[in-house]
Amino acid sequence: LHLSLRRQRQMCIRDRHATLRGFIVSHDGGEHYTFADDTGRMKVEIDAKYFPPGVKIDDKVRVEITGEFDKDLVGNKVELDVKQLVVVR
């Protein structure tokens with residue numbers, strides 16, 4: 001089941017698993033990136049080991065990411081901790 005980023009955010013529950021399709025639009029330093037689909041953007045955390053070797057990922061390469069939502073209960077900040085990244089062709 002692939003839901004839009006907007007719908008996933010609305011349903012966001014801490015530690016809930018999600019799969020999203022879209023683009024990595026920026027590298028924000030370290031393991032932090034910005035992911036976007038047609039409905040919005042969100043911060044994601046991706047360990048280098050999840051990037052496919054030899055494949056350049058930029059804002060034109062569609063990817064599918066799977067991970068767990070992490071929601072800061074104080075600041076209400078939502079981030080996806082990515083556990084799998086696949087290039088969608």
# chains A, B, ... in the order shown; residues from 1 in each chain; ligands from 1
call {"tool": "residues_around", "arguments": {"residues": "A:Met42", "least_positions_apart": "2", "cutoff": "10 Å", "atoms": "only C-alpha atoms", "output": "NGL selection string"}}
result
:A and (5-6 or 9 or 24 or 33-37 or 40 or 44 or 77-80)
call {"tool": "residues_around", "arguments": {"residues": "A:Tyr50", "least_positions_apart": "6", "cutoff": "8 Å", "atoms": "only C-alpha atoms", "output": "mmCIF file with N, CA, C and O atoms, in the first residue's frame"}}
result
data_model
loop_
_atom_site.group_PDB
_atom_site.id
_atom_site.type_symbol
_atom_site.label_atom_id
_atom_site.label_comp_id
_atom_site.auth_asym_id
_atom_site.auth_seq_id
_atom_site.Cartn_x
_atom_site.Cartn_y
_atom_site.Cartn_z
ATOM 1 N N LYS A 83 14.807 2.535 6.361
ATOM 2 C CA LYS A 83 15.448 1.230 6.515
ATOM 3 C C LYS A 83 15.638 0.521 5.182
ATOM 4 O O LYS A 83 16.290 -0.505 5.111
ATOM 5 N N GLN A 84 15.024 1.065 4.101
ATOM 6 C CA GLN A 84 15.194 0.499 2.766
ATOM 7 C C GLN A 84 14.980 1.596 1.741
ATOM 8 O O GLN A 84 14.071 2.425 1.881
ATOM 9 N N LEU A 85 15.824 1.613 0.714
ATOM 10 C CA LEU A 85 15.695 2.559 -0.383
ATOM 11 C C LEU A 85 15.879 1.781 -1.684
ATOM 12 O O LEU A 85 16.876 1.076 -1.847
#
call {"tool": "closest_residue", "arguments": {"among": "A:Val25, A:Val82, A:Ile65, A:Leu20", "to": "A:Ile46", "atoms": "only C-alpha atoms"}}
result
A:Val82
call {"tool": "closest_residue", "arguments": {"among": "A:His32, A:Asp70, A:Val63, A:Val55", "to": "A:Thr19", "atoms": "only C-alpha atoms"}}
result
A:Val63
call {"tool": "atom_distance", "arguments": {"atom1": "atom CA of A:Lys43", "atom2": "atom CA of A:Arg89"}}
result
23.1 Å
call {"tool": "residues_around", "arguments": {"residues": "A:Glu68", "least_positions_apart": "4", "cutoff": "7 Å", "atoms": "only C-alpha atoms", "output": "JSON, numbers by chain"}}
result
{"A": [15, 16, 17, 18, 80, 81, 82]}
call {"tool": "closest_residue", "arguments": {"among": "A:Glu45, A:Gly54, A:Glu64, A:Thr39", "to": "A:His27", "atoms": "only C-alpha atoms"}}
result
A:Glu45
call {"tool": "select_by_dssp", "arguments": {"residues": "stretch 22-79 of chain A", "states": "strand (DSSP E)", "output": "ChimeraX atom specification"}}
result
/A:22-29,32-37,40-46,62-71,78-79
call {"tool": "write_last_selection", "arguments": {"atoms": "N, CA, C and O atoms", "output": "CSV table (one decimal), in the first residue's frame"}}
result
chain,number,residue,atom,x,y,z
A,22,GLY,N,8.8,8.8,-4.3
A,22,GLY,CA,9.1,10.2,-4.6
A,22,GLY,C,10.5,10.4,-4.9
A,22,GLY,O,11.2,9.5,-5.5
A,23,PHE,N,11.1,11.5,-4.4
A,23,PHE,CA,12.4,11.9,-4.8
A,23,PHE,C,13.2,12.5,-3.6
A,23,PHE,O,12.6,13.1,-2.7
A,24,ILE,N,14.5,12.2,-3.5
A,24,ILE,CA,15.4,12.8,-2.5
A,24,ILE,C,15.8,14.1,-3.2
A,24,ILE,O,16.5,14.1,-4.2
A,25,VAL,N,15.3,15.2,-2.6
A,25,VAL,CA,15.5,16.5,-3.3
A,25,VAL,C,16.7,17.3,-2.7
A,25,VAL,O,17.2,18.2,-3.4
A,26,SER,N,17.2,16.9,-1.5
A,26,SER,CA,18.4,17.6,-1.0
A,26,SER,C,19.0,16.8,0.1
A,26,SER,O,18.4,16.0,0.7
A,27,HIS,N,20.3,17.0,0.2
A,27,HIS,CA,21.1,16.4,1.2
A,27,HIS,C,21.4,17.5,2.2
A,27,HIS,O,22.0,18.5,1.9
A,28,ASP,N,20.9,17.3,3.5
A,28,ASP,CA,20.9,18.4,4.4
A,28,ASP,C,22.0,18.2,5.5
A,28,ASP,O,22.0,18.9,6.5
A,29,GLY,N,22.9,17.3,5.2
A,29,GLY,CA,24.1,17.1,6.1
A,29,GLY,C,24.0,15.7,6.8
A,29,GLY,O,22.9,15.3,7.3
A,32,HIS,N,20.9,13.2,7.0
A,32,HIS,CA,19.6,13.9,6.9
A,32,HIS,C,19.4,14.4,5.4
A,32,HIS,O,20.3,15.0,4.8
A,33,TYR,N,18.2,14.1,4.9
A,33,TYR,CA,17.8,14.4,3.6
A,33,TYR,C,16.4,15.0,3.6
A,33,TYR,O,15.7,14.8,4.5
A,34,THR,N,16.0,15.6,2.5
A,34,THR,CA,14.6,16.1,2.3
A,34,THR,C,14.1,15.2,1.2
A,34,THR,O,14.6,15.1,0.1
A,35,PHE,N,12.9,14.6,1.5
A,35,PHE,CA,12.2,13.7,0.5
A,35,PHE,C,10.9,14.5,0.1
A,35,PHE,O,10.3,15.2,0.9
A,36,ALA,N,10.6,14.3,-1.2
A,36,ALA,CA,9.3,15.0,-1.7
A,36,ALA,C,8.6,14.1,-2.6
A,36,ALA,O,9.1,13.3,-3.3
A,37,ASP,N,7.2,14.3,-2.6
A,37,ASP,CA,6.4,13.7,-3.6
A,37,ASP,C,5.4,14.7,-4.0
A,37,ASP,O,5.6,15.9,-3.7
A,40,GLY,N,4.0,17.0,-1.0
A,40,GLY,CA,4.7,17.8,0.0
A,40,GLY,C,6.1,17.2,0.2
A,40,GLY,O,6.6,16.4,-0.6
A,41,ARG,N,6.8,17.8,1.2
A,41,ARG,CA,8.2,17.4,1.6
A,41,ARG,C,8.2,17.0,3.0
A,41,ARG,O,7.4,17.5,3.9
A,42,MET,N,9.3,16.2,3.4
A,42,MET,CA,9.5,15.9,4.8
A,42,MET,C,11.0,15.5,4.9
A,42,MET,O,11.6,15.1,4.0
A,43,LYS,N,11.5,15.6,6.1
A,43,LYS,CA,12.8,15.3,6.5
A,43,LYS,C,12.9,13.7,6.7
A,43,LYS,O,12.0,13.1,7.2
A,44,VAL,N,14.0,13.1,6.1
A,44,VAL,CA,14.2,11.7,6.3
A,44,VAL,C,15.6,11.5,6.8
A,44,VAL,O,16.5,12.4,6.5
A,45,GLU,N,15.9,10.4,7.4
A,45,GLU,CA,17.2,10.0,7.9
A,45,GLU,C,17.5,8.7,7.2
A,45,GLU,O,16.8,7.7,7.3
A,46,ILE,N,18.6,8.8,6.4
A,46,ILE,CA,19.0,7.6,5.6
A,46,ILE,C,20.5,7.3,5.9
A,46,ILE,O,21.4,8.1,5.5
A,62,ARG,N,13.5,8.7,-9.2
A,62,ARG,CA,12.4,8.3,-8.3
A,62,ARG,C,12.8,7.1,-7.5
A,62,ARG,O,13.4,6.1,-8.0
A,63,VAL,N,12.5,7.2,-6.2
A,63,VAL,CA,12.8,6.1,-5.2
A,63,VAL,C,11.6,5.7,-4.4
A,63,VAL,O,10.6,6.5,-4.3
A,64,GLU,N,11.7,4.6,-3.9
A,64,GLU,CA,10.7,4.1,-2.9
A,64,GLU,C,11.5,3.9,-1.6
A,64,GLU,O,12.5,3.2,-1.6
A,65,ILE,N,11.0,4.6,-0.5
A,65,ILE,CA,11.7,4.4,0.8
A,65,ILE,C,10.7,3.8,1.8
A,65,ILE,O,9.5,4.1,1.7
A,66,THR,N,11.3,3.0,2.6
A,66,THR,CA,10.5,2.3,3.6
A,66,THR,C,11.2,2.5,5.0
A,66,THR,O,12.4,2.4,5.0
A,67,GLY,N,10.4,2.9,6.0
A,67,GLY,CA,11.0,3.1,7.3
A,67,GLY,C,10.0,3.3,8.4
A,67,GLY,O,8.8,3.0,8.2
A,68,GLU,N,10.4,3.9,9.5
A,68,GLU,CA,9.5,4.1,10.6
A,68,GLU,C,9.5,5.6,10.8
A,68,GLU,O,10.5,6.3,10.8
A,69,PHE,N,8.2,6.1,11.1
A,69,PHE,CA,8.1,7.5,11.5
A,69,PHE,C,8.6,7.7,12.9
A,69,PHE,O,8.4,6.9,13.8
A,70,ASP,N,9.3,8.8,13.0
A,70,ASP,CA,9.8,9.3,14.4
A,70,ASP,C,9.2,10.6,14.6
A,70,ASP,O,9.5,11.6,13.8
A,71,LYS,N,8.4,10.8,15.6
A,71,LYS,CA,7.7,12.0,15.8
A,71,LYS,C,8.2,12.6,17.2
A,71,LYS,O,8.0,11.9,18.2
A,78,VAL,N,8.1,15.6,12.5
A,78,VAL,CA,8.0,14.3,12.0
A,78,VAL,C,9.2,14.0,11.0
A,78,VAL,O,9.5,14.8,10.2
A,79,GLU,N,9.8,12.9,11.2
A,79,GLU,CA,10.9,12.4,10.3
A,79,GLU,C,10.7,10.9,10.1
A,79,GLU,O,10.2,10.2,10.9
